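Notes for the one structure printed next.
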Amino acid sequence: MPELGLKSKWLRTVPCSISKQADLIRCGKPLQSQVQLKGRDLLTLKNFTGEEIQYMLWLSADLKFRIKHKGEYLPLLQGKSLGMIFEKRSTRTRLSTETGFALLGGHPCFLTTQDIHLGVNESLTDTARVLSSMTDAVLARVYKQSDLDILAKEASIPIVNGLSDLYHPIQILADYLTLQEHYGSLKGLTLSWIGDGNNILHSIMMSAAKFGMHIQAATPKGYEPDRNIVKLAEQYAKENGTKFSMTNDPLEAARGGNVLITDTWISMGQEEEKKKRLQAFQGYQVTMKTAQVAASDWTFLHCLPRKPEEVDDEVFYSPRSLVFPEAENRKWTIMAVMVSLLTDYSPVLQKPKF
């Protein structure tokens, strides 16, 4: 378990085992990258360079290849435990994290609002310190990003954002792995966002330009992304020579796009706004009419769960839809996150092209 004050980028100075054979099995080949994420928090992709995000995707591909395709058993997290705090219900986040952490030999512990009340009957500071003494990392799916920030400040172990009001970084890692598998590379792709200016879009905006991807986002008036995040996205686009545009016209955002992306229009906690939101999002359903103006190699992503008003069946169940590989990749990417934050493992698989 990391010690207090060591939640930062560590230099790799000690091999993860003494035996050369064990090194090959548990650690892979000698270090092929200078990236070292052990001990870090994953609160937002804003805090990670393009090289660091690439490393997590490389590790995801490596684990998927070794475990799923080669049938290897890799107990990389044996003896480690994970606290899972869920203020919001989930299918993919819970299943991918629980099964993935266990598959690597670790023990996940699921905590709902019935088990733990963040900042209610115990302060965030006290919760962070208690969890730091009993677990090796915490994944928290919360309403407020500020709660994650406090947990990260007070904890001596890595804190991972399982979703907040501002960001959903682990979803975007799965999206990028899915696109890399399909297109063979991410550089130069145009991501066409059609929907709410929410945490998914925010996470794309904090990372896409670092891969050389362009963003064309359409949101209804009054549902634009956070202004501060927009400013950062514009800065990233300028620094990386990519394009970033915003509009209120879905077809304009879709035009020439390689990847059509949408998400739920009504997130948990917004149920009272349902009638108002359904009216505001009229014309934002992704259909084959939307796809007609997209690039010839267009694909479709949705983080799920999906409602028919967001995307029709013809697109959602078409061969161009990558939603189910995208869902599966939630597992491989969260496994990679945990391995990178908690171990010295190095990928065996040759680094994919990004």
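Ligands are numbered from 1 in the order shown, chains are lettered A, B, ... in the order of the structure tokens, and residues start at 1 in each chain.
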
- [ ] Mind the document's chain letters and residue numbers, and return as a ChimeraX atom specification the residues of stretch 42-143 of chain A that DSSP labels strand (DSSP E or B).
- [x] /A:42,81-86,107-112,118,122,137-141

TODO: Would you kindly return, as number ranges by chain, each protein, DNA or RNA residue with an atom no farther than 12 Å from any atom of A:Leu131, considering only C-alpha atoms and excluding same-chain residues fewer than 4 positions away?
DONE: A: 1, 81-85, 109, 111, 116, 124-127, 135-140, 151-152, 154-159

- [ ] Give the answer as one residue: which of A:Leu278, A:Ile194, A:Ala237, A:Met206 has the shortest atom-to-atom distance to A:Leu251, using only C-alpha atoms?
- [x]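 Closest residue, counting only C-alpha atoms: A:Ile194.
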
Task: Residue among A:Trp298, A:Phe211, A:Trp332, A:Tyr183 lying closest to A:Arg320, counting only C-alpha atoms - done: A:Trp298

Task: Pick from A:Asn47, A:Gln34, A:Thr99, A:Gln78 nearest to A:Glu328, counting only C-alpha atoms - done: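 Closest candidate: A:Thr99.
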
- [ ] Go through A:Gly256, A:Gly184, A:Gly106, A:Gly79 and flag the residue nearest A:Met338, using only C-alpha atoms for the distances.
- [x]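 Checking each of A:Gly256, A:Gly184, A:Gly106, A:Gly79 against A:Met338, counting only C-alpha atoms, the winner is A:Gly106.
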
Task: Polymer residues at most 10 Å from A:Glu310, only C-alpha atoms, same-chain spacing of 2 or more positions, as a ChimeraX atom specification - done: /A:194-195,262-265,278,281-287,302,306-308,312-313,316

Open item on the list: Set the distance at 12 Å and use only C-alpha atoms: which residues neighbour A:Ala253 once local chain neighbours fewer than 6 positions away are removed? I'd like the list as number ranges by chain.
Closed with: A: 190-195, 214-220, 244-247, 259-262, 284, 286, 290-291, 293-295

- [ ] Please return as number ranges by chain: the residues of stretch 202-253 of chain A that backbone DSSP assigns to alpha helix (DSSP H).
- [x] A: 202-205, 227-240, 250-253

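Relative to atom CA of A:Gly197, atom CA of A:Tyr223 is found at 5.6 Å.
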
- [ ] Tell me which of A:Val348, A:Val337, A:Val315, A:Leu103 sits closest to A:Gln292, counting only C-alpha atoms.
- [x]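 Result for the nearest residue to A:Gln292: A:Val315.
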
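Compared by their closest atoms to A:Leu301, and using only C-alpha atoms, the residues A:Asp249, A:Asp226, A:Asp165, A:Asp175 rank with A:Asp175 nearest.
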
Open item on the list: Using Å and a single decimal, report how far atom CA of A:Thr333 sits from atom CA of A:Leu95.
Closed with: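 These two atoms are separated by 12.7 Å.
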